[in-house]
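What follows is a set of notes on a single structure, which appears directly below.
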Amino acid sequence: MPNPPQVTRRALMIGAGAVAAWASSPARALMLGADASALPGSVETLIGQMTLEEKAGQLTLMAAAWAGSAANALNPVQGNTNYERQLAEVERGRIGGVFNGNGAEMARQMQTAAVKRSRLKVPLIFAADVIHGFRTVFPMPLAEAGSFDPELAERTARIAAIEATAAGIDWNFAPMVDVARDQRWGRGIEGAGEDVLLGRVMAAARVRGFQGRKGLAAQDAMAACAKHFAAYGAAEGGLDYNTVDISERTLREVYFPPFEAALDAEVATIMASFNELSGIPATANPWLLTDVLRREWSFGGLVVSDYTADLELIDHGFAADAREAAKLAFLAGVDMSMQSGFYIQHLPALVEAGEVPMARLDEAVRRVLALKVKLGLFDDPFRRIDPRREKTRVRTPAHLQVAREAGRRSIVLLKNDGDLLPLPRAGQKIALIGPFAQGQRELIGPWNVYGSDAEAVDLLTGVRELVADPAQVTAVDGCGIEAPIDGGIEQAVAAAAAADIVILAIGESQRMSGEAQSRVDIGIPPAQMALAEAVAATGKPMVVLLRHGRGLVLEGAVKEAPAILATWFLGSMSGPATADVLFGVEGPSARLPVSFPHATGQQPYHYAHKNTGRPHPVGPLQEYKARYREALNVALYPFGHGLTYGRIAYGSPEGAGGTLTPGGELRLAATITNSGTHDAVEVVQLYIQDQSASITRPVRELKAFQRVALKPGESRRVEFGLKRADLTFIGQDLKPTVEPGQFRFWIAPSAQAEGASGVFELS
Ligand code: NOJ
């Protein structure tokens, strides 16, 4: 076989015949010899050769049928799940890409079909949901956001990309950048929580991590997809997929900024959301997808629908039938349709009938091809498909070590009365109790397609590795997650009675959060509450370890426990990471990315709420103020809260009474001291409140944060610079504005703490 000079040797070895065919194909010929500036011209020529059906095929993305309906595991089964039929569709040029497939061998076969047997030999793109790691599973994104450490988020996303690309994946349906302010909504696990600044910072970090810093053509780069555009997290009642009806101001001020941050980080693609937005489904919303995204923000990348979201326009009551649904989504700005098959079925006829302009069709095809070009697929369609790399690049000791580091840096110490934590490693008998105490289950968390609990390390193993003598530790389930076990409580009480300390591992199953897993009650399930009460009644010192996908309501013995750690779902190294924090190998340093309310009925709740005309002052309940009959509308544990093993104090504010001039910078500072006996990493947060403005402003807004390491006895001056642009809000004309006046600021350990506070003027 002749050796086509421009095709890599590795590619030849993988797809010998396929690559040869590819090398002499029209698509390849067009790309060859083209320098970067000439590339768009080559794409145009290719588009010129395509039939209407081949064009619509490029705009059609389908769940991989390789393993039957396995790729549908996290979505409703829909459409063809027969692999042979799917291959035939590829050969006919009726599919542009597949997603959630499995492995390099599948990718090799499918890519071979595309570049050897389809008429124009356009390579497929392989997409997947790689939400928090691939085979090495990292903490769920919400947990990791609590690290307040974008460098860490970038690093875990990079590793996810290294592993996923080695298995043939070019394009990741992540990061989810939806702001989530209602803990009933189960999908908060995929994002960065309730805050706009944290959302922006994490969105950018994750995009950089997935896409890498060497360009998308790098073998280990995968295109990112910021989703779900827009305001998917604002679903009424916290019910997934539900109606969203919010003002344009709130969209621009709260829900859009993380997308803008993703765009600034050069995200390659955007996914339109399932929800309707004030009457018009996002998937068919020209204002959102064209006016804002294309015209205002100049986004030049690809917009993909969510899974069957164009089909769902019919159930929304927005489209009468499939043909109309395809037309509305496509004309609004969705370039590529996921899973419904509506584009391949209806776009050719719609163009022929003159209902969809050819120019719009070509524009969308151009975006798909441009993405494939950028990813280097026209240069080497097999560049990410390598069975050897697929085996050797995953779950390496280095990757697992980062998973452990990310795990411990995502754990939030909510409470530590009497300095119960960290625990001594020797000399104490420990009873590990609860449905999350042992066993390779419920570890990696929701929304993970490629990792498995079977490959993750549980709590019991992690604890036994760290204690001086593994025989110090006994483990008892005590109950199931939602149901009692016969005799379970008795066993648990006996184990507690025989121990010096109890670690109670309770919380939510991984099926209680993630997509479609909204809850009406965000507390600990009753079977586990009964266990907690019984174990607490033994009077043994108790550390509660929460496993959860959301901000929870804590009650009774759980709320009253002397020590509580929020451990979310931490991934592959869940047990060792938790044990590291329990025994103080590394102290806790994460902060809550979402508030823990007092009661479910307070939802939606977020710290950056408005004051109202009748704010309730701190103190006992008063009449005719904005509060509930039973409780103040504050959090039990607010956004930003998290303790360390140090003893941290905030000194007096510097910069209070100052004036920020246009073009100037105001320096605000406070000295933070660790007077404890342990090292600490304190997340120092800067909040502001605009005290009077032409649009009412939140009671607090996070403007900056710093992770500051403090040795025992050490003090550090932590300084923030505030500029006029940091005080921008969306004015009455819906344009960004800044108004002079008085502002309050807090340099504080949480959104509800006073810390070092003062006022300043903007002149
Ligand atoms: C539906 C989810 O909303 C989306 O985030 C995901 O990427 C797709 N399913 C594909 O699995």
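Just remember, in the structure tokens the first chain shown is A, the second B, etc., residues are 1-based per chain, and ligands are 1-based in the order shown.
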Please check which protein, DNA or RNA residues sit within 10 Å of ligand 1, counting only C-alpha atoms and all ligand atoms, and write them as a compact mmCIF listing (two decimals) with all heavy atoms, in the first residue's frame.
# COMPACT_ATOMS: atom_id res chain seq x y z
N MET A 62 -25.63 11.48 17.03
CA MET A 62 -26.43 10.38 17.59
C MET A 62 -25.68 9.66 18.69
O MET A 62 -24.45 9.52 18.65
CB MET A 62 -26.77 9.36 16.47
CG MET A 62 -27.54 9.93 15.29
SD MET A 62 -29.10 10.74 15.71
CE MET A 62 -30.16 9.36 15.99
N ALA A 63 -26.44 9.15 19.67
CA ALA A 63 -25.84 8.31 20.73
C ALA A 63 -25.25 7.07 20.06
O ALA A 63 -25.88 6.46 19.19
CB ALA A 63 -26.91 7.90 21.73
N ALA A 71 -25.12 3.85 25.48
CA ALA A 71 -24.87 5.29 25.42
C ALA A 71 -26.08 6.08 25.87
O ALA A 71 -25.99 7.28 26.12
CB ALA A 71 -24.48 5.70 24.01
N ASN A 72 -27.21 5.41 25.95
CA ASN A 72 -28.41 6.09 26.44
C ASN A 72 -28.55 5.97 27.95
O ASN A 72 -29.52 6.47 28.51
CB ASN A 72 -29.69 5.47 25.82
CG ASN A 72 -29.75 5.66 24.32
OD1 ASN A 72 -29.63 4.71 23.58
ND2 ASN A 72 -29.93 6.89 23.89
N ALA A 73 -27.60 5.30 28.59
CA ALA A 73 -27.79 4.97 30.01
C ALA A 73 -28.20 6.18 30.85
O ALA A 73 -28.98 6.05 31.77
CB ALA A 73 -26.52 4.35 30.56
N LEU A 74 -27.68 7.33 30.49
CA LEU A 74 -28.00 8.51 31.28
C LEU A 74 -29.00 9.41 30.56
O LEU A 74 -29.11 10.60 30.86
CB LEU A 74 -26.72 9.28 31.62
CG LEU A 74 -25.80 8.52 32.59
CD1 LEU A 74 -24.39 9.06 32.55
CD2 LEU A 74 -26.34 8.57 34.00
N ASN A 75 -29.68 8.86 29.61
CA ASN A 75 -30.69 9.59 28.86
C ASN A 75 -31.81 8.61 28.52
O ASN A 75 -31.58 7.40 28.50
CB ASN A 75 -30.10 10.11 27.54
CG ASN A 75 -29.08 11.21 27.76
OD1 ASN A 75 -29.43 12.31 28.14
ND2 ASN A 75 -27.82 10.91 27.53
N PRO A 76 -32.99 9.10 28.21
CA PRO A 76 -34.03 8.16 27.80
C PRO A 76 -33.65 7.48 26.48
O PRO A 76 -33.09 8.13 25.60
CB PRO A 76 -35.27 9.05 27.59
CG PRO A 76 -34.84 10.45 27.84
CD PRO A 76 -33.41 10.50 28.23
N PHE A 99 -21.98 10.16 20.17
CA PHE A 99 -21.57 10.51 21.53
C PHE A 99 -21.81 9.36 22.51
O PHE A 99 -22.62 8.47 22.26
CB PHE A 99 -22.26 11.78 22.01
CG PHE A 99 -23.75 11.68 22.18
CD1 PHE A 99 -24.32 11.42 23.42
CD2 PHE A 99 -24.60 11.86 21.10
CE1 PHE A 99 -25.69 11.34 23.58
CE2 PHE A 99 -25.97 11.77 21.25
CZ PHE A 99 -26.53 11.50 22.50
N ASN A 100 -21.09 9.48 23.63
CA ASN A 100 -21.12 8.49 24.71
C ASN A 100 -20.89 7.07 24.20
O ASN A 100 -21.50 6.11 24.68
CB ASN A 100 -22.42 8.60 25.52
CG ASN A 100 -22.42 9.86 26.37
OD1 ASN A 100 -21.39 10.54 26.48
ND2 ASN A 100 -23.54 10.20 26.97
N ALA A 127 -18.11 12.57 20.62
CA ALA A 127 -18.40 13.41 21.78
C ALA A 127 -18.73 12.54 22.99
O ALA A 127 -18.99 11.34 22.84
CB ALA A 127 -19.58 14.33 21.46
N ALA A 128 -18.73 13.14 24.15
CA ALA A 128 -19.10 12.38 25.37
C ALA A 128 -19.38 13.35 26.50
O ALA A 128 -18.97 14.51 26.47
CB ALA A 128 -17.99 11.43 25.76
N ASP A 129 -20.08 12.84 27.50
CA ASP A 129 -20.25 13.56 28.76
C ASP A 129 -19.11 13.15 29.70
O ASP A 129 -19.15 12.07 30.29
CB ASP A 129 -21.58 13.19 29.42
CG ASP A 129 -22.79 13.73 28.68
OD1 ASP A 129 -23.06 14.93 28.82
OD2 ASP A 129 -23.45 12.95 27.95
N VAL A 130 -18.09 13.97 29.77
CA VAL A 130 -16.99 13.70 30.71
C VAL A 130 -17.08 14.79 31.77
O VAL A 130 -16.40 15.81 31.70
CB VAL A 130 -15.62 13.70 29.98
CG1 VAL A 130 -14.50 13.30 30.94
CG2 VAL A 130 -15.65 12.75 28.78
N ILE A 131 -17.95 14.57 32.72
CA ILE A 131 -18.37 15.65 33.61
C ILE A 131 -17.39 15.86 34.75
O ILE A 131 -17.05 16.99 35.09
CB ILE A 131 -19.78 15.36 34.18
CG1 ILE A 131 -20.77 15.04 33.05
CG2 ILE A 131 -20.28 16.51 35.05
CD1 ILE A 131 -21.03 16.14 32.07
N ASN A 172 -16.20 17.28 24.45
CA ASN A 172 -16.80 17.00 25.76
C ASN A 172 -18.02 17.88 26.00
O ASN A 172 -17.95 19.10 25.84
CB ASN A 172 -15.74 17.29 26.85
CG ASN A 172 -16.22 16.87 28.22
OD1 ASN A 172 -17.21 16.14 28.35
ND2 ASN A 172 -15.51 17.31 29.24
N PHE A 173 -19.12 17.26 26.42
CA PHE A 173 -20.31 18.03 26.79
C PHE A 173 -20.15 18.57 28.22
O PHE A 173 -20.90 18.23 29.14
CB PHE A 173 -21.56 17.16 26.72
CG PHE A 173 -21.90 16.65 25.35
CD1 PHE A 173 -22.53 15.42 25.20
CD2 PHE A 173 -21.62 17.38 24.21
CE1 PHE A 173 -22.87 14.93 23.95
CE2 PHE A 173 -21.94 16.90 22.94
CZ PHE A 173 -22.57 15.67 22.82
N ALA A 174 -19.18 19.37 28.44
CA ALA A 174 -18.93 19.98 29.73
C ALA A 174 -18.01 21.18 29.46
O ALA A 174 -17.34 21.21 28.43
CB ALA A 174 -18.26 18.99 30.68
N PRO A 175 -17.95 22.17 30.31
CA PRO A 175 -18.55 22.20 31.64
C PRO A 175 -19.99 22.69 31.63
O PRO A 175 -20.39 23.46 30.76
CB PRO A 175 -17.67 23.24 32.36
CG PRO A 175 -17.28 24.20 31.27
CD PRO A 175 -17.13 23.35 30.03
N MET A 176 -20.76 22.21 32.64
CA MET A 176 -22.05 22.82 32.90
C MET A 176 -21.79 24.08 33.71
O MET A 176 -21.12 24.02 34.74
CB MET A 176 -22.95 21.87 33.70
CG MET A 176 -24.34 22.47 33.88
SD MET A 176 -25.46 21.49 34.89
CE MET A 176 -25.39 22.43 36.42
N ARG A 187 -29.54 18.83 39.50
CA ARG A 187 -28.43 18.97 38.56
C ARG A 187 -27.38 19.95 38.99
O ARG A 187 -26.38 20.14 38.29
CB ARG A 187 -28.97 19.35 37.19
CG ARG A 187 -29.22 18.11 36.40
CD ARG A 187 -29.21 18.36 34.95
NE ARG A 187 -28.02 17.83 34.33
CZ ARG A 187 -27.88 17.70 33.04
NH1 ARG A 187 -28.84 18.10 32.24
NH2 ARG A 187 -26.77 17.20 32.53
N GLU A 190 -23.45 19.36 38.79
CA GLU A 190 -22.54 19.50 37.64
C GLU A 190 -21.93 20.89 37.50
O GLU A 190 -21.08 21.11 36.65
CB GLU A 190 -23.29 19.19 36.34
CG GLU A 190 -23.52 17.75 36.09
CD GLU A 190 -24.22 17.54 34.75
OE1 GLU A 190 -23.65 17.90 33.72
OE2 GLU A 190 -25.36 17.04 34.76
N CYS A 225 -17.80 22.26 25.87
CA CYS A 225 -19.15 22.71 25.52
C CYS A 225 -19.78 23.33 26.76
O CYS A 225 -20.08 22.62 27.73
CB CYS A 225 -19.98 21.51 25.04
SG CYS A 225 -21.66 21.93 24.58
N ALA A 226 -19.92 24.64 26.76
CA ALA A 226 -20.55 25.29 27.92
C ALA A 226 -22.06 25.07 27.81
O ALA A 226 -22.66 25.33 26.78
CB ALA A 226 -20.21 26.77 27.93
N LYS A 227 -22.64 24.57 28.89
CA LYS A 227 -24.06 24.23 28.84
C LYS A 227 -24.72 24.58 30.16
O LYS A 227 -24.00 24.74 31.16
CB LYS A 227 -24.24 22.74 28.51
CG LYS A 227 -23.77 21.77 29.61
CD LYS A 227 -23.81 20.34 29.12
CE LYS A 227 -23.56 19.36 30.26
NZ LYS A 227 -23.48 17.97 29.83
N HIS A 228 -26.00 24.76 30.23
CA HIS A 228 -26.99 24.66 29.18
C HIS A 228 -27.51 26.06 28.99
O HIS A 228 -28.02 26.66 29.95
CB HIS A 228 -28.11 23.71 29.58
CG HIS A 228 -27.61 22.35 30.05
ND1 HIS A 228 -27.15 22.10 31.32
CD2 HIS A 228 -27.50 21.16 29.39
CE1 HIS A 228 -26.79 20.82 31.43
NE2 HIS A 228 -26.99 20.23 30.29
N TYR A 232 -31.01 27.17 32.72
CA TYR A 232 -31.55 25.83 33.01
C TYR A 232 -31.68 25.62 34.53
O TYR A 232 -32.59 24.95 35.01
CB TYR A 232 -30.60 24.82 32.38
CG TYR A 232 -30.92 23.36 32.52
CD1 TYR A 232 -32.21 22.87 32.31
CD2 TYR A 232 -29.90 22.45 32.82
CE1 TYR A 232 -32.47 21.50 32.41
CE2 TYR A 232 -30.16 21.09 32.92
CZ TYR A 232 -31.44 20.62 32.71
OH TYR A 232 -31.68 19.27 32.81
N ASP A 240 -36.50 19.62 37.60
CA ASP A 240 -35.68 19.58 36.39
C ASP A 240 -36.57 19.66 35.14
O ASP A 240 -37.66 19.08 35.11
CB ASP A 240 -34.85 18.30 36.36
CG ASP A 240 -33.62 18.47 35.47
OD1 ASP A 240 -33.35 19.61 35.04
OD2 ASP A 240 -32.91 17.47 35.22
N TYR A 241 -36.10 20.37 34.17
CA TYR A 241 -36.75 20.61 32.87
C TYR A 241 -37.88 21.64 32.95
O TYR A 241 -38.51 21.96 31.94
CB TYR A 241 -37.34 19.33 32.24
CG TYR A 241 -36.45 18.11 32.27
CD1 TYR A 241 -36.89 16.91 32.85
CD2 TYR A 241 -35.18 18.15 31.71
CE1 TYR A 241 -36.07 15.79 32.86
CE2 TYR A 241 -34.36 17.02 31.73
CZ TYR A 241 -34.81 15.85 32.31
OH TYR A 241 -34.01 14.74 32.32
N MET A 271 -24.13 24.39 24.33
CA MET A 271 -25.32 23.56 24.23
C MET A 271 -26.54 24.37 24.67
O MET A 271 -26.53 24.98 25.74
CB MET A 271 -25.20 22.31 25.11
CG MET A 271 -26.35 21.31 24.93
SD MET A 271 -26.25 19.90 26.09
CE MET A 271 -24.80 19.05 25.49
N ALA A 272 -27.57 24.37 23.82
CA ALA A 272 -28.82 25.06 24.19
C ALA A 272 -29.54 24.21 25.24
O ALA A 272 -29.43 22.99 25.26
CB ALA A 272 -29.69 25.24 22.96
N SER A 273 -30.31 24.88 26.10
CA SER A 273 -30.91 24.15 27.22
C SER A 273 -32.30 23.63 26.89
O SER A 273 -32.94 24.07 25.94
CB SER A 273 -30.95 25.04 28.46
OG SER A 273 -31.63 26.24 28.19
N PHE A 274 -32.76 22.70 27.72
CA PHE A 274 -34.07 22.09 27.54
C PHE A 274 -35.23 23.06 27.83
O PHE A 274 -36.30 22.94 27.28
CB PHE A 274 -34.25 20.95 28.56
CG PHE A 274 -33.54 19.66 28.23
CD1 PHE A 274 -32.76 19.02 29.19
CD2 PHE A 274 -33.70 19.04 27.00
CE1 PHE A 274 -32.15 17.80 28.93
CE2 PHE A 274 -33.08 17.82 26.73
CZ PHE A 274 -32.31 17.21 27.70
N VAL A 304 -25.01 23.22 19.76
CA VAL A 304 -25.64 21.91 19.66
C VAL A 304 -26.89 21.91 20.54
O VAL A 304 -26.95 22.62 21.54
CB VAL A 304 -24.63 20.80 20.10
CG1 VAL A 304 -24.24 20.92 21.56
CG2 VAL A 304 -25.16 19.41 19.81
N SER A 305 -27.87 21.13 20.13
CA SER A 305 -29.06 21.03 20.98
C SER A 305 -28.74 20.11 22.16
O SER A 305 -27.76 19.38 22.13
CB SER A 305 -30.23 20.41 20.20
OG SER A 305 -30.08 19.01 20.12
N ASP A 306 -29.55 20.12 23.19
CA ASP A 306 -29.47 19.05 24.17
C ASP A 306 -30.20 17.84 23.57
O ASP A 306 -30.80 17.92 22.48
CB ASP A 306 -30.06 19.49 25.52
CG ASP A 306 -29.51 18.64 26.68
OD1 ASP A 306 -29.01 17.53 26.42
OD2 ASP A 306 -29.58 19.08 27.84
N TYR A 307 -30.14 16.77 24.29
CA TYR A 307 -30.64 15.46 23.84
C TYR A 307 -32.14 15.53 23.51
O TYR A 307 -32.96 15.73 24.40
CB TYR A 307 -30.39 14.50 24.98
CG TYR A 307 -30.60 13.03 24.72
CD1 TYR A 307 -29.53 12.22 24.38
CD2 TYR A 307 -31.85 12.46 24.85
CE1 TYR A 307 -29.70 10.86 24.18
CE2 TYR A 307 -32.03 11.11 24.66
CZ TYR A 307 -30.95 10.31 24.32
OH TYR A 307 -31.14 8.96 24.14
N THR A 308 -32.47 15.39 22.25
CA THR A 308 -33.85 15.45 21.73
C THR A 308 -34.58 16.75 22.06
O THR A 308 -35.82 16.79 22.06
CB THR A 308 -34.74 14.25 22.21
OG1 THR A 308 -34.88 14.31 23.63
CG2 THR A 308 -34.17 12.91 21.81
N ALA A 309 -33.84 17.81 22.35
CA ALA A 309 -34.52 19.06 22.76
C ALA A 309 -35.34 19.66 21.63
O ALA A 309 -36.33 20.34 21.88
CB ALA A 309 -33.50 20.06 23.28
N MET A 338 -29.01 16.92 18.50
CA MET A 338 -28.60 15.72 19.21
C MET A 338 -29.76 14.74 19.37
O MET A 338 -30.77 15.07 20.00
CB MET A 338 -28.05 16.10 20.60
CG MET A 338 -27.39 14.94 21.34
SD MET A 338 -27.21 15.19 23.12
CE MET A 338 -26.18 16.62 23.25
N GLN A 339 -29.64 13.63 18.73
CA GLN A 339 -30.40 12.41 19.01
C GLN A 339 -31.82 12.31 18.42
O GLN A 339 -32.31 11.22 18.25
CB GLN A 339 -30.46 12.15 20.53
CG GLN A 339 -30.93 10.78 20.94
CD GLN A 339 -30.03 9.66 20.41
OE1 GLN A 339 -28.93 9.92 19.94
NE2 GLN A 339 -30.50 8.43 20.46
N TRP A 447 -23.71 11.28 37.15
CA TRP A 447 -23.21 11.77 35.87
C TRP A 447 -21.76 11.38 35.61
O TRP A 447 -20.91 12.22 35.36
CB TRP A 447 -23.38 13.28 35.73
CG TRP A 447 -24.57 13.56 34.87
CD1 TRP A 447 -25.72 14.18 35.27
CD2 TRP A 447 -24.77 13.22 33.49
NE1 TRP A 447 -26.62 14.21 34.22
CE2 TRP A 447 -26.06 13.63 33.13
CE3 TRP A 447 -23.98 12.58 32.53
CZ2 TRP A 447 -26.58 13.44 31.85
CZ3 TRP A 447 -24.50 12.38 31.25
CH2 TRP A 447 -25.79 12.81 30.93
N VAL A 449 -20.07 8.59 33.08
CA VAL A 449 -20.33 7.54 32.10
C VAL A 449 -19.23 6.48 32.13
O VAL A 449 -19.49 5.31 31.91
CB VAL A 449 -20.42 8.15 30.68
CG1 VAL A 449 -20.78 7.09 29.64
CG2 VAL A 449 -21.44 9.28 30.64
N GLY A 514 -28.31 14.75 40.26
CA GLY A 514 -28.03 14.55 38.84
C GLY A 514 -29.29 14.86 38.05
O GLY A 514 -30.28 15.37 38.58
N GLU A 515 -29.23 14.54 36.75
CA GLU A 515 -30.35 14.91 35.88
C GLU A 515 -31.65 14.24 36.31
O GLU A 515 -31.66 13.06 36.69
CB GLU A 515 -30.04 14.52 34.42
CG GLU A 515 -31.12 15.03 33.48
CD GLU A 515 -30.82 14.80 32.01
OE1 GLU A 515 -29.66 14.52 31.66
OE2 GLU A 515 -31.77 14.92 31.21
N ALA A 516 -32.72 15.00 36.27
CA ALA A 516 -34.08 14.50 36.54
C ALA A 516 -34.26 14.04 37.99
O ALA A 516 -35.23 13.35 38.29
CB ALA A 516 -34.44 13.36 35.59
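Nearest residue to Ala221 (chain A) among A:Asp486, A:Glu630, A:Glu151, A:Glu163 is A:Glu163, counting only C-alpha atoms.
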**Report entry** Non-local contacts of Ala495 (chain A) (10 Å; only C-alpha atoms; under 3 positions in same chain excluded) as a VMD selection string
**Finding:** chain A and resid 429 to 433 473 to 476 478 489 to 492 498 to 502 535
Q.
When DSSP is applied to the backbone of this structure, which of region 231-412 of chain A are assigned strand (DSSP E or B)? Write them out as number ranges by chain.
A. A: 244, 269-272, 276-277, 280-281, 302-304, 336-338, 385, 412
Min atom-atom distance to Asp477 (chain A) from the set A:Ala437, A:Leu293, A:Val356, A:Met222, counting only C-alpha atoms, belongs to A:Ala437
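Those residues in region 449-509 of chain A carrying a DSSP assignment of helix (DSSP H, G or I), computed from the backbone, are A:Asp453, A:Ala454, A:Glu455, A:Leu459, A:Leu460, A:Thr461, A:Gly462, A:Val463, A:Arg464, A:Glu465, A:Leu466, A:Pro470, A:Ala471, A:Gln472, A:Gly488, A:Ile489, A:Glu490, A:Gln491, A:Ala492, A:Val493, A:Ala494, A:Ala495, A:Ala496, A:Ala497.
Nearest to Leu152 (chain A) of all the residues A:Pro638, A:Gly238, A:Gly407, A:Pro615 is A:Gly407, based on only C-alpha atoms.
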- Query: Which polymer residues have any atom within 10 Å of an atom of Asp521 (chain A), counting only C-alpha atoms, with same-chain residues fewer than 6 positions away left out, as a ChimeraX atom specification?
  - Reply: /A:183-184,552-553,599-601
Write out as JSON lines the residues of region 347-433 of chain A that have any atom within 8 Å of an atom of region 580-586 of chain A, one row each with the nearest atom pair and its distance in Å to one decimal, counting only C-alpha atoms, sorted by chain and then rising number.
{"residue": "A:Arg408", "atom": "CA", "partner": "A:Val581", "partner_atom": "CA", "distance": 6.2}
{"residue": "A:Ile411", "atom": "CA", "partner": "A:Val581", "partner_atom": "CA", "distance": 7.8}
{"residue": "A:Leu421", "atom": "CA", "partner": "A:Leu582", "partner_atom": "CA", "distance": 6.6}
{"residue": "A:Pro422", "atom": "CA", "partner": "A:Phe583", "partner_atom": "CA", "distance": 4.9}
{"residue": "A:Leu423", "atom": "CA", "partner": "A:Phe583", "partner_atom": "CA", "distance": 4.9}
{"residue": "A:Pro424", "atom": "CA", "partner": "A:Phe583", "partner_atom": "CA", "distance": 6.3}
{"residue": "A:Arg425", "atom": "CA", "partner": "A:Phe583", "partner_atom": "CA", "distance": 6.4}
### Residue contacts of region 210-218 of chain A (7 Å, only C-alpha atoms) excluding same-chain residues fewer than 3 positions away, as an MDAnalysis selection string
chainID A and resid 157:158 161 206:207 221:224 374:376
Produce a file of the selected residues containing N, CA and C atoms, as a short mmCIF file (atom, residue, chain, number, x, y, z; two decimals), in the first residue's frame.
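Listing of again.cif after writing:
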data_model
loop_
_atom_site.label_atom_id
_atom_site.label_comp_id
_atom_site.auth_asym_id
_atom_site.auth_seq_id
_atom_site.Cartn_x
_atom_site.Cartn_y
_atom_site.Cartn_z
N ALA A 157 -9.64 18.87 35.03
CA ALA A 157 -10.24 18.86 33.68
C ALA A 157 -9.19 18.43 32.65
N ARG A 158 -7.96 18.86 32.85
CA ARG A 158 -6.87 18.48 31.92
C ARG A 158 -6.67 16.97 31.94
N ALA A 161 -9.32 15.22 30.18
CA ALA A 161 -9.12 15.30 28.72
C ALA A 161 -8.04 14.33 28.26
N ARG A 206 -12.38 25.29 33.75
CA ARG A 206 -12.71 23.97 33.19
C ARG A 206 -12.57 23.97 31.66
N VAL A 207 -12.97 25.07 31.04
CA VAL A 207 -12.79 25.14 29.58
C VAL A 207 -11.30 25.04 29.24
N ALA A 221 -6.24 17.33 23.43
CA ALA A 221 -7.20 18.42 23.64
C ALA A 221 -8.58 17.93 23.23
N MET A 222 -9.60 18.29 24.00
CA MET A 222 -10.95 18.02 23.51
C MET A 222 -11.75 19.32 23.59
N ALA A 223 -12.58 19.51 22.57
CA ALA A 223 -13.40 20.72 22.55
C ALA A 223 -14.34 20.68 23.75
N ALA A 224 -14.50 21.83 24.40
CA ALA A 224 -15.44 21.91 25.53
C ALA A 224 -16.79 22.42 25.03
N LYS A 374 -10.39 22.26 13.30
CA LYS A 374 -9.62 22.74 14.47
C LYS A 374 -9.14 21.58 15.33
N LEU A 375 -9.95 20.56 15.42
CA LEU A 375 -9.58 19.40 16.24
C LEU A 375 -8.56 18.51 15.55
N GLY A 376 -8.20 18.90 14.34
CA GLY A 376 -7.18 18.16 13.61
C GLY A 376 -7.71 16.91 12.94
#
I'd like the contact shell of Arg393 (chain A) - 8 Å cut-off, only C-alpha atoms, skipping same-chain residues fewer than 3 positions apart - returned as a list in words. Ile162, Glu163, Ala166, Arg389, Glu390 and Thr396 of chain A
Requested in this report: Name all residues at most 6 Å from region 401-406 of chain A (count only C-alpha atoms; drop same-chain ones fewer than 4 positions away) and give them as number ranges by chain.
Outcome: A: 138, 573, 577
Include N, CA, C and O atoms and write out the residues we just selected as a PDB file, in the first residue's frame.
ATOM      1  N   PHE A 138     -12.992  12.394  39.428  1.00  0.00           N
ATOM      2  CA  PHE A 138     -12.705  13.485  40.358  1.00  0.00           C
ATOM      3  C   PHE A 138     -13.979  13.850  41.117  1.00  0.00           C
ATOM      4  O   PHE A 138     -15.070  13.402  40.769  1.00  0.00           O
ATOM      5  N   MET A 573     -11.026   8.390  44.587  1.00  0.00           N
ATOM      6  CA  MET A 573     -10.253   8.306  45.829  1.00  0.00           C
ATOM      7  C   MET A 573     -11.055   8.847  47.013  1.00  0.00           C
ATOM      8  O   MET A 573     -10.498   9.413  47.969  1.00  0.00           O
ATOM      9  N   ALA A 577      -9.272  10.230  50.494  1.00  0.00           N
ATOM     10  CA  ALA A 577      -9.329  11.697  50.621  1.00  0.00           C
ATOM     11  C   ALA A 577     -10.052  12.076  51.911  1.00  0.00           C
ATOM     12  O   ALA A 577      -9.616  12.975  52.650  1.00  0.00           O
TER      13      ALA A 577
END
Produce a table with one row for each residue of region 340-433 of chain A that has an atom at most 12 Å from any atom of region 318-324 of chain A, each row naming the nearest atom pair and its distance in Å at one decimal; use only C-alpha atoms; arrange rows by chain and rising residue number; format as a tab-separated table.
residue	atom	partner	partner_atom	distance
A:Ser340	CA	A:Ala322	CA	9.3
A:Gly341	CA	A:Ala322	CA	9.7
A:Phe342	CA	A:Ala322	CA	6.6
A:Tyr343	CA	A:Arg323	CA	8.7
A:Ile344	CA	A:Arg323	CA	10.7
A:Gln345	CA	A:Arg323	CA	8.2
A:His346	CA	A:Arg323	CA	5.7
A:Leu347	CA	A:Arg323	CA	8.1
A:Pro348	CA	A:Arg323	CA	10.7
A:Ala349	CA	A:Arg323	CA	9.1
A:Leu350	CA	A:Arg323	CA	7.9
A:Val351	CA	A:Arg323	CA	11.6
A:Ala353	CA	A:Arg323	CA	11.8
A:Glu355	CA	A:Glu324	CA	10.1
A:Val356	CA	A:Glu324	CA	10.9
